[in-house]
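This report concerns only the one structure given below.
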Amino acid sequence: MINESFNCDNCGFKVEIHPEGSARNHCPKCLYSKHLDENFPGDRASNCHGMMLPVWIDFKKNKWTMIKHRCTQCRKEMLNKLAPDDDFLSFQQYLTKNQ
């Protein structure tokens, strides 16, 4: 797993490393991700590199709150654990307004 900082390709935000040491895979500001992982979070094995649109919030008993991402290029869907510094409330309000 790679925990590294990056600039978000969607909003340009400077994303710092994950505060809990996990692999950072999405922007805490806009919640977009980039399709870098193929089989599991942190493997960085995908060749797609499309933008991963946050489309839903899901709750998994053993993993807590998860963000469902869908790739805008290949349509692959992946679940990613919500990070403690994610702007979850803004995204939740967006989902509520657009249902």
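Each chain in the structure tokens gets a letter, A, B and so on, in the order shown; residues start at 1 in every chain, and ligands are counted from 1 in the order they appear.
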
Filtered DSSP result for chain A, state alpha helix (DSSP H), as a PyMOL selection string: chain A and resi 88-97

All residues 12 Å or closer to Asp43 (chain A), only C-alpha atoms, same chain fewer than 4 positions away omitted, as a list in words: Met1, Ile2, Asn3, Ala23, Arg24, Asn25, His35, Leu36, Asp37, Glu38, Asn39 and Asn47 of chain A

Residue contacts of Ile57 (chain A) (10 Å, only C-alpha atoms) excluding same-chain residues fewer than 4 positions away, as a list in words: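 Counting only the stated atoms, we get Thr65, Met66, Ile67, Lys68, His69, Leu79, Asn80, Lys81, Leu82, Phe88, Phe91, Gln92 and Leu95 of chain A.
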
Serialized selection, N, CA and C atoms, as a CSV table (one decimal), in the first residue's frame:
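Wrote it out as selection29.csv, contents follow:
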chain,number,residue,atom,x,y,z
A,65,THR,N,-18.3,3.6,7.3
A,65,THR,CA,-18.9,4.3,6.1
A,65,THR,C,-17.9,4.2,4.9
A,66,MET,N,-18.5,3.9,3.8
A,66,MET,CA,-17.7,3.7,2.6
A,66,MET,C,-18.3,4.6,1.5
A,67,ILE,N,-17.4,5.1,0.6
A,67,ILE,CA,-17.7,5.9,-0.5
A,67,ILE,C,-17.7,5.0,-1.7
A,68,LYS,N,-18.8,5.0,-2.5
A,68,LYS,CA,-18.9,4.2,-3.7
A,68,LYS,C,-18.4,5.1,-4.9
A,69,HIS,N,-17.4,4.7,-5.6
A,69,HIS,CA,-16.9,5.5,-6.7
A,69,HIS,C,-17.2,4.7,-8.0
A,79,LEU,N,-15.6,0.5,-3.7
A,79,LEU,CA,-15.9,1.1,-2.4
A,79,LEU,C,-14.6,1.4,-1.7
A,80,ASN,N,-14.6,2.6,-1.1
A,80,ASN,CA,-13.4,3.1,-0.4
A,80,ASN,C,-13.8,3.6,1.0
A,81,LYS,N,-13.1,3.3,2.0
A,81,LYS,CA,-13.4,3.7,3.3
A,81,LYS,C,-13.3,5.2,3.5
A,82,LEU,N,-14.3,5.8,4.1
A,82,LEU,CA,-14.2,7.3,4.4
A,82,LEU,C,-13.1,7.6,5.3
A,88,PHE,N,-17.4,14.8,4.3
A,88,PHE,CA,-18.6,13.9,4.1
A,88,PHE,C,-19.9,14.6,4.2
A,91,PHE,N,-21.0,16.2,0.9
A,91,PHE,CA,-21.4,15.2,-0.1
A,91,PHE,C,-22.7,14.6,0.3
A,92,GLN,N,-23.0,14.4,1.5
A,92,GLN,CA,-24.2,13.9,2.0
A,92,GLN,C,-25.4,14.8,1.7
A,95,LEU,N,-26.1,14.5,-2.1
A,95,LEU,CA,-26.8,13.4,-2.4
A,95,LEU,C,-28.3,13.5,-2.0

Spatial neighbours of region 72-78 of chain A, 8 Å, only C-alpha atoms, chain gap at least 3 places, as a list in words: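 My list of contacting residues is Cys48, Gly50, Met51, Met52, Leu53, Lys68 and His69 of chain A.
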
Deliver the residues from the most recent selection as a file, using N, CA and C atoms, as an mmCIF file, in the first residue's frame.
data_model
loop_
_atom_site.group_PDB
_atom_site.id
_atom_site.type_symbol
_atom_site.label_atom_id
_atom_site.label_comp_id
_atom_site.auth_asym_id
_atom_site.auth_seq_id
_atom_site.Cartn_x
_atom_site.Cartn_y
_atom_site.Cartn_z
ATOM 1 N N CYS A 48 -6.286 2.072 -16.377
ATOM 2 C CA CYS A 48 -7.346 2.968 -16.833
ATOM 3 C C CYS A 48 -7.029 4.438 -16.527
ATOM 4 N N GLY A 50 -8.849 6.656 -15.237
ATOM 5 C CA GLY A 50 -9.985 7.564 -15.372
ATOM 6 C C GLY A 50 -10.350 8.187 -14.023
ATOM 7 N N MET A 51 -11.168 9.207 -14.056
ATOM 8 C CA MET A 51 -11.630 9.840 -12.818
ATOM 9 C C MET A 51 -12.734 8.981 -12.199
ATOM 10 N N MET A 52 -12.664 8.825 -10.883
ATOM 11 C CA MET A 52 -13.640 8.038 -10.136
ATOM 12 C C MET A 52 -14.615 8.998 -9.457
ATOM 13 N N LEU A 53 -15.823 9.037 -9.959
ATOM 14 C CA LEU A 53 -16.882 9.911 -9.467
ATOM 15 C C LEU A 53 -17.481 9.331 -8.189
ATOM 16 N N LYS A 68 -18.825 4.995 -2.480
ATOM 17 C CA LYS A 68 -18.878 4.215 -3.718
ATOM 18 C C LYS A 68 -18.449 5.133 -4.857
ATOM 19 N N HIS A 69 -17.398 4.722 -5.574
ATOM 20 C CA HIS A 69 -16.883 5.458 -6.725
ATOM 21 C C HIS A 69 -17.182 4.690 -8.006
#

For CA of Pro84 (chain A) and CA of Ala45 (chain A), the interatomic separation in Å (one decimal): 25.4 Å

Using only C-alpha atoms, which protein or nucleic acid residues come within 8 Å of Pro28 (chain A)? Drop anything in the same chain fewer than 6 positions from it, and give the result as a PDB file with C-alpha atoms, in the first residue's frame.
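Okay, part_16.pdb is ready:
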ATOM      1  CA  VAL A  15      -4.140  16.232  -0.716  1.00  0.00           C
ATOM      2  CA  ALA A  83     -11.189   9.022   5.863  1.00  0.00           C
ATOM      3  CA  ASP A  85     -10.711  14.358   7.209  1.00  0.00           C
ATOM      4  CA  ASP A  86     -13.198  13.817   4.329  1.00  0.00           C
ATOM      5  CA  ASP A  87     -15.862  16.497   3.701  1.00  0.00           C
TER       6      ASP A  87
END

Minimum-distance residue to Asp9 (chain A), chosen among A:Leu89, A:Asp58, A:Lys34, A:Ser22 (using only C-alpha atoms):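 Residue with the minimum atom-to-atom distance to Asp9 (chain A): A:Lys34.
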
Nearest to Tyr32 (chain A), chosen from A:Ser90, A:Trp64, A:Pro54, A:Glu4, with only C-alpha atoms counted in the distances: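 Checking each of A:Ser90, A:Trp64, A:Pro54, A:Glu4 against Tyr32 (chain A), counting only C-alpha atoms, the winner is A:Pro54.
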
One-decimal distance in Å that lies between CA of Glu20 (chain A) and CA of Ser5 (chain A):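 Computing it gives 13.2 Å between the two atoms.
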
Which residue of A:His49, A:Lys29, A:Arg70, A:Lys61 approaches Lys14 (chain A) most closely, using only C-alpha atoms: A:Lys29

Expected answer as JSON, numbers by chain: strand (DSSP E) residues in chain A: {"A": [6, 7, 14, 15, 33, 34, 51, 52, 53, 54, 55, 56, 57, 58, 59, 60, 64, 65, 66, 67, 68, 69, 70, 71, 77, 78, 79, 80, 81]}

Please produce an output containing C-alpha atoms for each residue in the selection, written as a tab-separated table (two decimals), in the first residue's frame.
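This is the output file out_6.tsv:
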chain	number	residue	atom	x	y	z
A	6	PHE	CA	-1.06	14.27	-4.48
A	7	ASN	CA	-2.91	17.08	-6.24
A	14	LYS	CA	-3.33	19.56	-2.41
A	15	VAL	CA	-4.14	16.23	-0.72
A	33	SER	CA	-10.60	9.56	-6.87
A	34	LYS	CA	-8.49	8.37	-9.79
A	51	MET	CA	-11.63	9.84	-12.82
A	52	MET	CA	-13.64	8.04	-10.14
A	53	LEU	CA	-16.88	9.91	-9.47
A	54	PRO	CA	-18.27	9.62	-5.91
A	55	VAL	CA	-21.80	8.31	-6.47
A	56	TRP	CA	-23.05	6.96	-3.15
A	57	ILE	CA	-22.36	6.45	0.53
A	58	ASP	CA	-22.71	2.95	1.93
A	59	PHE	CA	-22.37	1.57	5.43
A	60	LYS	CA	-20.59	-1.75	5.91
A	64	TRP	CA	-18.02	1.67	8.71
A	65	THR	CA	-18.86	4.31	6.13
A	66	MET	CA	-17.73	3.70	2.56
A	67	ILE	CA	-17.73	5.93	-0.54
A	68	LYS	CA	-18.88	4.21	-3.72
A	69	HIS	CA	-16.88	5.46	-6.72
A	70	ARG	CA	-17.66	4.83	-10.40
A	71	CYS	CA	-15.00	5.32	-13.08
A	77	GLU	CA	-17.25	0.62	-9.27
A	78	MET	CA	-15.23	0.42	-6.07
A	79	LEU	CA	-15.90	1.05	-2.39
A	80	ASN	CA	-13.41	3.11	-0.40
A	81	LYS	CA	-13.41	3.71	3.33
